[in-house]
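Take a look at the structure set out below.
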Amino acid sequence: MDPGFIFVPLLICAMLGIMMAVATGFSYLWLRHVEGEAKRCPQCQSKGAGEVLDYELIEARSYIESDATRWLPSRHRRKAHPVQVEEKKYEVNYRCSQCGHEWMGVAMEEERSSSE
Ligand SMILES: [Zn+2]
């Protein structure tokens, strides 16, 4: 049997797995970021008790960052494209899992995409 028949689906599975891991990683980081902003309950001072109830976009701005690849070795620089940066500000509602107190905080999100 040609080992290529096994290798190709395995490769596709591996790539899908990596893509899913990256997507999960991003949402995990975003959640961690949101939680890190206001995890401590202002009512009972309980650490890490803040649970995200809801969040709403309150401000968004986008700009082009052209020197995002400055750290690359010069031979790669000519391949570099300017990066579109989307900055979003959210108003986040938290609820304390200990005492039920609800409060509001602000969290920032930054999204980068290559604009060719
Ligand atoms: Zn509390």
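Residues are named by chain letter and number: chains run A, B, ... in the order of the structure tokens, numbers start at 1 in each chain, and ligands are numbered from 1 in the order shown.
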
Could you give me, as a Markdown table, a per-residue list for chain A showing, wherever an atom lies at most 10 Å from an atom of ligand 1, the closest pair of atoms and their distance in Å to one decimal, using only C-alpha atoms and all ligand atoms and sorting by chain then residue number from low to high?
| residue | atom | partner | partner_atom_place_in_ligand_line | distance |
| --- | --- | --- | --- | --- |
| A:Lys39 | CA | ligand 1 | 1 (Zn) | 9.9 |
| A:Arg40 | CA | ligand 1 | 1 (Zn) | 7.8 |
| A:Cys41 | CA | ligand 1 | 1 (Zn) | 4.6 |
| A:Pro42 | CA | ligand 1 | 1 (Zn) | 6.7 |
| A:Gln43 | CA | ligand 1 | 1 (Zn) | 5.0 |
| A:Cys44 | CA | ligand 1 | 1 (Zn) | 4.2 |
| A:Gln45 | CA | ligand 1 | 1 (Zn) | 6.2 |
| A:Ser46 | CA | ligand 1 | 1 (Zn) | 5.6 |
| A:Lys47 | CA | ligand 1 | 1 (Zn) | 8.6 |
| A:Gly48 | CA | ligand 1 | 1 (Zn) | 9.6 |
| A:Ala49 | CA | ligand 1 | 1 (Zn) | 6.7 |
| A:Gly50 | CA | ligand 1 | 1 (Zn) | 7.7 |
| A:Arg95 | CA | ligand 1 | 1 (Zn) | 7.8 |
| A:Cys96 | CA | ligand 1 | 1 (Zn) | 4.6 |
| A:Ser97 | CA | ligand 1 | 1 (Zn) | 6.6 |
| A:Gln98 | CA | ligand 1 | 1 (Zn) | 5.0 |
| A:Cys99 | CA | ligand 1 | 1 (Zn) | 4.2 |
| A:Gly100 | CA | ligand 1 | 1 (Zn) | 6.0 |
| A:His101 | CA | ligand 1 | 1 (Zn) | 5.3 |
| A:Glu102 | CA | ligand 1 | 1 (Zn) | 8.2 |
| A:Trp103 | CA | ligand 1 | 1 (Zn) | 9.8 |

Inset, instruction - Find the spatial neighbours of segment 59-67 of chain A, counting only C-alpha atoms, within a cut-off of 8 Å - ignore same-chain residues fewer than 2 positions away - and output them as a VMD selection string. - result: chain A and resid 57 69 to 70 81 to 90

Legend entry - Top pick for closest residue to Val92 of chain A, considering A:Leu53, A:Met19, A:Leu29, A:Ile6 and counting only C-alpha atoms: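 Nearest candidate to Val92 of chain A out of A:Leu53, A:Met19, A:Leu29, A:Ile6: A:Leu53.
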